[in-house]
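Worksheet: one structure, shown below.
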Amino acid sequence: MVGGGQLARMTHEAGIPLGIRFKLLSDTRQDSAAQVVSDVVVGDYRDLETLRAFAQGCDVVTFDHEHVPAEHLRALEADGVVIRPGVEALLHAQDKGVMRDRLTSLDVPCPRHRIVADPADVERFAAEGLGGAAGENTGFPVVLKTVRGGYDGKGVWVVRDAEEAAEPFRAGVPVLAEEKVDFARELAANVVRSPHGQAVAYPVVESIQVDGVCDTVIAPAPGLSEELSGQAQEMALKIAAELGVVGHLAVELFETRDGRLLVNELAMRPHNSGHWTQDGAVTSQFANHVRAVLDLPLGDPRPRATWTVMTNVLGGDFPEMYPAYLHCMARDPALKIHMYGKDVKPGRKVGHVNTYGDDLDDVRERGRHAADYLRGTITE
Ligand code: ADP
């Protein structure tokens, strides 16, 4: 796996019971996954020769992020390296402009959008679309995104006028403008697809973001109609099949106030919105990603509890979270703690907790309490 973050760490963990030999290309020895994988190559994923040397002896190469340059992926494929997902699929997770155009051509509903050239063009975009499809927003605010390199809300701006629209253009990366969707909530439809074309769909989840960072994921999304949940799963399966995705695909969605679904983003790797599956599904997203990239039969995606809630643990003022385990474990013996081995910095995602049960309010409270206690924002 290329990339030494927590996704690689947890993918490695899922491969252990299967006896999968896992090799890692990591920026440093201290990265989350590099701490626990024995076969680590330290190197730069932006360097083709490093990638080539790393891929030697690998049956299959997969990724914990989407930042490996497409031209390097193409070169590896030309060398005969098996990359899963392949570059033609990955392009849609790398570039939001490519993704929007392709999904639109597949009739998958997306926010109104187009690439914009400069702040004056953003002003024109804001004014366009009047009389467009029902429910589309026109005028400011407009959402601007750099087409590449964004994560956790970085690379996304909500601008109220042309003057504010100047900032995103400074990076020198093409800028995508989108209508600001008036959403009721954010959902994610997670599916896994194998080279055989077998696919499984997890229950659709609600994902709650705070300051652009995923805070809580509730599985299944409370109160979501069977119709919308079926639509979301079908949309994700269609995207996976049409784009030729292999492995885990997360489709981030907006549920609009008038009951429509619009695709926000795609991720072709294990995803934060699927962490609940480690303790809440028969087969976790990580186990199924491993199976998919190895072209093994996929595992059962069904839930194991009525409700499972994943709550992210962010860093607080205390560098050491271990002392907080005492209280958290004693208070809630069913709590599942997943820490990433990262240095604690304020606001940084350093782990998550999973809670599950029949009473959603209780399941959410237990997750919230543990995450806040680990962070140090509550002391009892
Ligand atoms: P990232 O690359 O950081 O994941 P996203 O495209 O997912 O970027 O955007 C981050 C967040 O910004 C979303 O989760 C959503 O809350 C908000 N957002 C993004 N696009 C829109 C939009 N078109 N309308 C309204 N909110 C949006």
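Going by the structure tokens order, chains are called A, B, ..., each with residues numbered from 1, while ligands are numbered from 1 in the order shown.
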_Residues near segment 36-52 of chain A, cut-off 10 Å, only C-alpha atoms, skip fewer than 2 positions along chain, as a PyMOL selection string_ = chain A and resi 1-4+8-10+12-13+21-34+54-56+61+67-73+75-76+79+81+341
Could you write out that same residue set with N, CA, C and O atoms as a compact mmCIF listing (two decimals), in the first residue's frame?
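Output saved as part16.txt:
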```txt
# COMPACT_ATOMS: atom_id res chain seq x y z
N MET A 1 0.84 -1.18 0.00
CA MET A 1 0.00 0.00 0.00
C MET A 1 0.88 1.23 0.00
O MET A 1 1.86 1.30 0.72
N VAL A 2 0.50 2.19 -0.85
CA VAL A 2 1.24 3.45 -0.91
C VAL A 2 0.57 4.43 0.04
O VAL A 2 -0.63 4.70 -0.09
N GLY A 3 1.33 4.98 0.98
CA GLY A 3 0.79 5.94 1.93
C GLY A 3 0.77 5.34 3.32
O GLY A 3 0.25 4.24 3.51
N GLY A 4 1.34 6.05 4.29
CA GLY A 4 1.54 5.47 5.62
C GLY A 4 0.57 5.96 6.68
O GLY A 4 0.86 5.89 7.87
N ALA A 8 -3.89 2.96 5.93
CA ALA A 8 -2.96 1.86 5.68
C ALA A 8 -2.79 1.03 6.95
O ALA A 8 -2.74 -0.21 6.90
N ARG A 9 -2.70 1.70 8.08
CA ARG A 9 -2.53 0.98 9.35
C ARG A 9 -3.68 0.00 9.57
O ARG A 9 -3.49 -1.16 9.92
N MET A 10 -4.90 0.47 9.30
CA MET A 10 -6.07 -0.37 9.57
C MET A 10 -6.29 -1.40 8.44
O MET A 10 -6.86 -2.46 8.68
N HIS A 12 -3.73 -2.86 6.90
CA HIS A 12 -2.74 -3.86 7.31
C HIS A 12 -3.33 -4.78 8.38
O HIS A 12 -3.25 -6.01 8.29
N GLU A 13 -3.96 -4.16 9.36
CA GLU A 13 -4.58 -4.91 10.47
C GLU A 13 -5.58 -5.94 9.92
O GLU A 13 -5.64 -7.09 10.37
N ARG A 21 0.87 -10.72 3.18
CA ARG A 21 2.13 -9.98 3.37
C ARG A 21 1.93 -8.56 2.88
O ARG A 21 1.56 -8.33 1.73
N PHE A 22 2.17 -7.63 3.77
CA PHE A 22 1.82 -6.23 3.53
C PHE A 22 3.10 -5.41 3.48
O PHE A 22 3.91 -5.42 4.41
N LYS A 23 3.28 -4.71 2.37
CA LYS A 23 4.46 -3.85 2.22
C LYS A 23 3.97 -2.41 2.10
O LYS A 23 2.93 -2.16 1.46
N LEU A 24 4.72 -1.51 2.69
CA LEU A 24 4.25 -0.14 2.80
C LEU A 24 5.26 0.84 2.22
O LEU A 24 6.46 0.73 2.50
N LEU A 25 4.76 1.81 1.45
CA LEU A 25 5.60 2.95 1.06
C LEU A 25 5.13 4.15 1.88
O LEU A 25 3.99 4.59 1.75
N SER A 26 6.02 4.63 2.72
CA SER A 26 5.64 5.66 3.69
C SER A 26 6.62 6.83 3.63
O SER A 26 7.79 6.64 3.33
N ASP A 27 6.12 8.02 3.91
CA ASP A 27 6.98 9.21 3.90
C ASP A 27 8.07 9.13 4.97
O ASP A 27 9.20 9.56 4.75
N THR A 28 7.69 8.61 6.14
CA THR A 28 8.65 8.52 7.25
C THR A 28 8.40 7.22 8.02
O THR A 28 7.36 6.58 7.86
N ARG A 29 9.33 6.89 8.86
CA ARG A 29 9.21 5.73 9.75
C ARG A 29 8.19 5.97 10.85
O ARG A 29 7.74 5.03 11.51
N GLN A 30 7.89 7.22 11.08
CA GLN A 30 7.00 7.56 12.20
C GLN A 30 5.53 7.60 11.79
O GLN A 30 4.66 7.74 12.63
N ASP A 31 5.25 7.50 10.49
CA ASP A 31 3.85 7.57 10.07
C ASP A 31 3.04 6.46 10.73
O ASP A 31 3.57 5.44 11.14
N SER A 32 1.73 6.72 10.79
CA SER A 32 0.82 5.83 11.52
C SER A 32 1.01 4.35 11.16
O SER A 32 1.16 3.51 12.04
N ALA A 33 1.02 4.04 9.87
CA ALA A 33 1.14 2.63 9.47
C ALA A 33 2.58 2.13 9.56
O ALA A 33 2.81 0.95 9.86
N ALA A 34 3.54 3.02 9.33
CA ALA A 34 4.95 2.60 9.34
C ALA A 34 5.37 2.11 10.73
O ALA A 34 6.29 1.31 10.86
N PHE A 54 9.56 0.24 -5.27
CA PHE A 54 8.63 -0.25 -4.26
C PHE A 54 7.74 -1.37 -4.81
O PHE A 54 7.47 -2.38 -4.17
N ALA A 55 7.26 -1.17 -6.05
CA ALA A 55 6.28 -2.10 -6.63
C ALA A 55 6.88 -3.46 -6.99
O ALA A 55 6.16 -4.44 -7.14
N GLN A 56 8.23 -3.51 -7.08
CA GLN A 56 8.90 -4.78 -7.39
C GLN A 56 8.49 -5.83 -6.37
O GLN A 56 8.62 -5.63 -5.18
N VAL A 61 -0.72 -3.36 -6.04
CA VAL A 61 -0.45 -2.11 -5.33
C VAL A 61 -1.76 -1.35 -5.16
O VAL A 61 -2.52 -1.19 -6.11
N HIS A 67 -3.07 10.86 -3.92
CA HIS A 67 -2.17 11.92 -4.39
C HIS A 67 -1.02 11.45 -5.28
O HIS A 67 -0.19 12.26 -5.68
N VAL A 68 -0.93 10.16 -5.57
CA VAL A 68 0.15 9.72 -6.48
C VAL A 68 -0.14 10.27 -7.88
O VAL A 68 -1.25 10.10 -8.39
N PRO A 69 0.82 10.99 -8.48
CA PRO A 69 0.56 11.62 -9.78
C PRO A 69 0.09 10.60 -10.83
O PRO A 69 0.65 9.49 -10.92
N ALA A 70 -0.92 11.00 -11.61
CA ALA A 70 -1.52 10.08 -12.58
C ALA A 70 -0.49 9.58 -13.59
O ALA A 70 -0.53 8.41 -14.01
N GLU A 71 0.46 10.45 -13.97
CA GLU A 71 1.44 10.01 -14.99
C GLU A 71 2.32 8.89 -14.42
O GLU A 71 2.74 7.99 -15.15
N HIS A 72 2.59 8.92 -13.11
CA HIS A 72 3.36 7.83 -12.50
C HIS A 72 2.54 6.54 -12.47
O HIS A 72 3.07 5.45 -12.69
N LEU A 73 1.25 6.69 -12.19
CA LEU A 73 0.39 5.49 -12.17
C LEU A 73 0.34 4.86 -13.55
O LEU A 73 0.40 3.63 -13.70
N ALA A 75 2.67 5.07 -15.83
CA ALA A 75 3.97 4.45 -16.09
C ALA A 75 4.06 3.09 -15.39
O ALA A 75 4.55 2.12 -15.97
N LEU A 76 3.56 3.00 -14.18
CA LEU A 76 3.59 1.72 -13.47
C LEU A 76 2.74 0.69 -14.19
O LEU A 76 3.14 -0.46 -14.35
N ASP A 79 4.50 -0.64 -17.01
CA ASP A 79 5.53 -1.60 -16.58
C ASP A 79 4.93 -2.98 -16.29
O ASP A 79 5.68 -3.92 -16.01
N VAL A 81 2.76 -3.38 -13.63
CA VAL A 81 2.38 -3.43 -12.22
C VAL A 81 0.85 -3.42 -12.12
O VAL A 81 0.19 -2.67 -12.83
N GLY A 341 -1.77 6.13 16.61
CA GLY A 341 -0.34 6.26 16.90
C GLY A 341 0.24 7.60 16.47
O GLY A 341 1.46 7.75 16.34
```
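Taking segment 266-380 of chain A and asking which residues DSSP calls strand (DSSP E or B) on the backbone, you get Leu266, Ala267, Ala281, Pro303, Trp307, Thr308, Val309, Met310, Thr311, Asn312, Val313, Leu314, Gly315, Lys336, Ile337, His338, Met339, Pro346, Lys349, Val350, Gly351, His352, Val353, Asn354, Thr355, Tyr356 and Gly357 of chain A.
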Kindly provide the residues of chain A that approach ligand 1 to within 6 Å, each paired with its closest atom pair and their distance in Å to one decimal, based on only C-alpha atoms and all ligand atoms, listed by chain and increasing number, as JSON lines.
```
{"residue": "A:Pro111", "atom": "CA", "partner": "ligand 1", "partner_atom_place_in_ligand_line": "23 (N)", "distance": 5.8}
{"residue": "A:Val143", "atom": "CA", "partner": "ligand 1", "partner_atom_place_in_ligand_line": "23 (N)", "distance": 5.5}
{"residue": "A:Gly150", "atom": "CA", "partner": "ligand 1", "partner_atom_place_in_ligand_line": "2 (O)", "distance": 4.3}
{"residue": "A:Tyr151", "atom": "CA", "partner": "ligand 1", "partner_atom_place_in_ligand_line": "3 (O)", "distance": 3.6}
{"residue": "A:Asp152", "atom": "CA", "partner": "ligand 1", "partner_atom_place_in_ligand_line": "3 (O)", "distance": 3.7}
{"residue": "A:Gly153", "atom": "CA", "partner": "ligand 1", "partner_atom_place_in_ligand_line": "3 (O)", "distance": 3.2}
{"residue": "A:Lys154", "atom": "CA", "partner": "ligand 1", "partner_atom_place_in_ligand_line": "3 (O)", "distance": 5.2}
{"residue": "A:Val156", "atom": "CA", "partner": "ligand 1", "partner_atom_place_in_ligand_line": "9 (O)", "distance": 5.9}
{"residue": "A:Glu178", "atom": "CA", "partner": "ligand 1", "partner_atom_place_in_ligand_line": "23 (N)", "distance": 4.9}
{"residue": "A:Glu179", "atom": "CA", "partner": "ligand 1", "partner_atom_place_in_ligand_line": "23 (N)", "distance": 5.2}
{"residue": "A:Lys180", "atom": "CA", "partner": "ligand 1", "partner_atom_place_in_ligand_line": "24 (N)", "distance": 3.6}
{"residue": "A:Val181", "atom": "CA", "partner": "ligand 1", "partner_atom_place_in_ligand_line": "24 (N)", "distance": 3.8}
{"residue": "A:Gly212", "atom": "CA", "partner": "ligand 1", "partner_atom_place_in_ligand_line": "11 (C)", "distance": 5.2}
{"residue": "A:Asn264", "atom": "CA", "partner": "ligand 1", "partner_atom_place_in_ligand_line": "6 (O)", "distance": 5.9}
{"residue": "A:Glu265", "atom": "CA", "partner": "ligand 1", "partner_atom_place_in_ligand_line": "7 (O)", "distance": 5.6}
```
With C-alpha atoms kept, could you save the residues just selected as a CSV table (one decimal), in the first residue's frame?
```csv
chain,number,residue,atom,x,y,z
A,111,PRO,CA,-24.5,20.2,-7.7
A,143,VAL,CA,-18.6,27.1,-3.3
A,150,GLY,CA,-8.0,19.1,-1.0
A,151,TYR,CA,-8.9,17.2,2.1
A,152,ASP,CA,-10.8,17.7,5.3
A,153,GLY,CA,-12.3,21.0,4.0
A,154,LYS,CA,-8.8,22.4,2.9
A,156,VAL,CA,-12.8,24.4,-0.2
A,178,GLU,CA,-20.4,24.8,-7.4
A,179,GLU,CA,-23.8,26.0,-6.3
A,180,LYS,CA,-24.0,26.1,-2.5
A,181,VAL,CA,-26.3,23.2,-1.8
A,212,GLY,CA,-15.0,20.7,7.6
A,264,ASN,CA,-20.4,15.6,-3.4
A,265,GLU,CA,-17.2,13.6,-3.6
```
Would you tabulate, counting only C-alpha atoms, all residues of segment 123-239 of chain A that have an atom at most 8 Å from an atom of segment 113-118 of chain A, showing the closest pair of atoms and their distance in Å to one decimal, sorted by chain then ascending number, as JSON lines?
```
{"residue": "A:Phe125", "atom": "CA", "partner": "A:Val116", "partner_atom": "CA", "distance": 7.7}
{"residue": "A:Ala165", "atom": "CA", "partner": "A:Asp118", "partner_atom": "CA", "distance": 8.0}
{"residue": "A:Ala166", "atom": "CA", "partner": "A:Asp118", "partner_atom": "CA", "distance": 7.4}
{"residue": "A:Phe169", "atom": "CA", "partner": "A:Asp118", "partner_atom": "CA", "distance": 7.0}
{"residue": "A:Pro174", "atom": "CA", "partner": "A:Ile115", "partner_atom": "CA", "distance": 7.1}
{"residue": "A:Val175", "atom": "CA", "partner": "A:Ile115", "partner_atom": "CA", "distance": 5.8}
{"residue": "A:Leu176", "atom": "CA", "partner": "A:Ile115", "partner_atom": "CA", "distance": 4.3}
{"residue": "A:Ala177", "atom": "CA", "partner": "A:His113", "partner_atom": "CA", "distance": 5.4}
{"residue": "A:Glu178", "atom": "CA", "partner": "A:His113", "partner_atom": "CA", "distance": 4.3}
{"residue": "A:Glu179", "atom": "CA", "partner": "A:His113", "partner_atom": "CA", "distance": 6.4}
```
Can you spit out the residues from that selection as a compact mmCIF listing (two decimals), in the first residue's frame, using C-alpha atoms?
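Output file out_6.txt is given in full below:
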```txt
# COMPACT_ATOMS: atom_id res chain seq x y z
CA PHE A 125 -21.23 31.44 -12.65
CA ALA A 165 -13.26 34.60 -4.77
CA ALA A 166 -9.65 35.70 -5.36
CA PHE A 169 -6.94 31.05 -7.60
CA PRO A 174 -7.81 24.87 -11.68
CA VAL A 175 -10.82 26.01 -9.65
CA LEU A 176 -14.25 24.39 -9.74
CA ALA A 177 -17.30 26.49 -8.84
CA GLU A 178 -20.39 24.82 -7.40
CA GLU A 179 -23.77 26.03 -6.28
```
_From A:Asp121, A:Asp361, A:Glu226, A:Glu66, residue lying nearest Lys96 of chain A [only C-alpha atoms]_ = A:Glu66
*Return the single residue from A:Lys145, A:Arg84, A:Arg348, A:His92 that is closest to Arg193 of chain A, with distances computed using only C-alpha atoms.*
A:Arg84
*asked:* What's around segment 285-289 of chain A at 8 Å? Count only C-alpha atoms, leave out sequence neighbours fewer than 4 positions away in its own chain, and write the answer as a ChimeraX atom specification.
replied: /A:10-11,14-15,192,247-248,269-270,274-275,277-278,293,298-299
Selected residues, C-alpha atoms, written as a CSV table (one decimal), in the first residue's frame, please.
```
chain,number,residue,atom,x,y,z
A,10,MET,CA,-6.1,-0.4,9.6
A,11,THR,CA,-5.9,-2.1,6.1
A,14,ALA,CA,-7.4,-6.4,8.4
A,15,GLY,CA,-4.9,-8.4,6.3
A,192,VAL,CA,-16.7,-2.4,-2.5
A,247,GLY,CA,-11.7,-1.8,-3.8
A,248,HIS,CA,-13.6,0.4,-1.5
A,269,ARG,CA,-9.9,3.7,-0.7
A,270,PRO,CA,-11.1,3.0,2.8
A,274,GLY,CA,-16.7,3.4,6.8
A,275,HIS,CA,-14.7,3.1,10.1
A,277,THR,CA,-17.7,-1.2,9.9
A,278,GLN,CA,-14.8,-2.4,11.9
A,293,VAL,CA,-7.8,-5.8,-4.5
A,298,LEU,CA,-16.2,-10.2,-0.9
A,299,GLY,CA,-17.4,-10.5,2.6
```
*Hey, which of A:Gly244, A:Pro203, A:Pro141, A:Pro319 ends up closest to Leu224 of chain A? Count only C-alpha atoms.*
A:Pro203
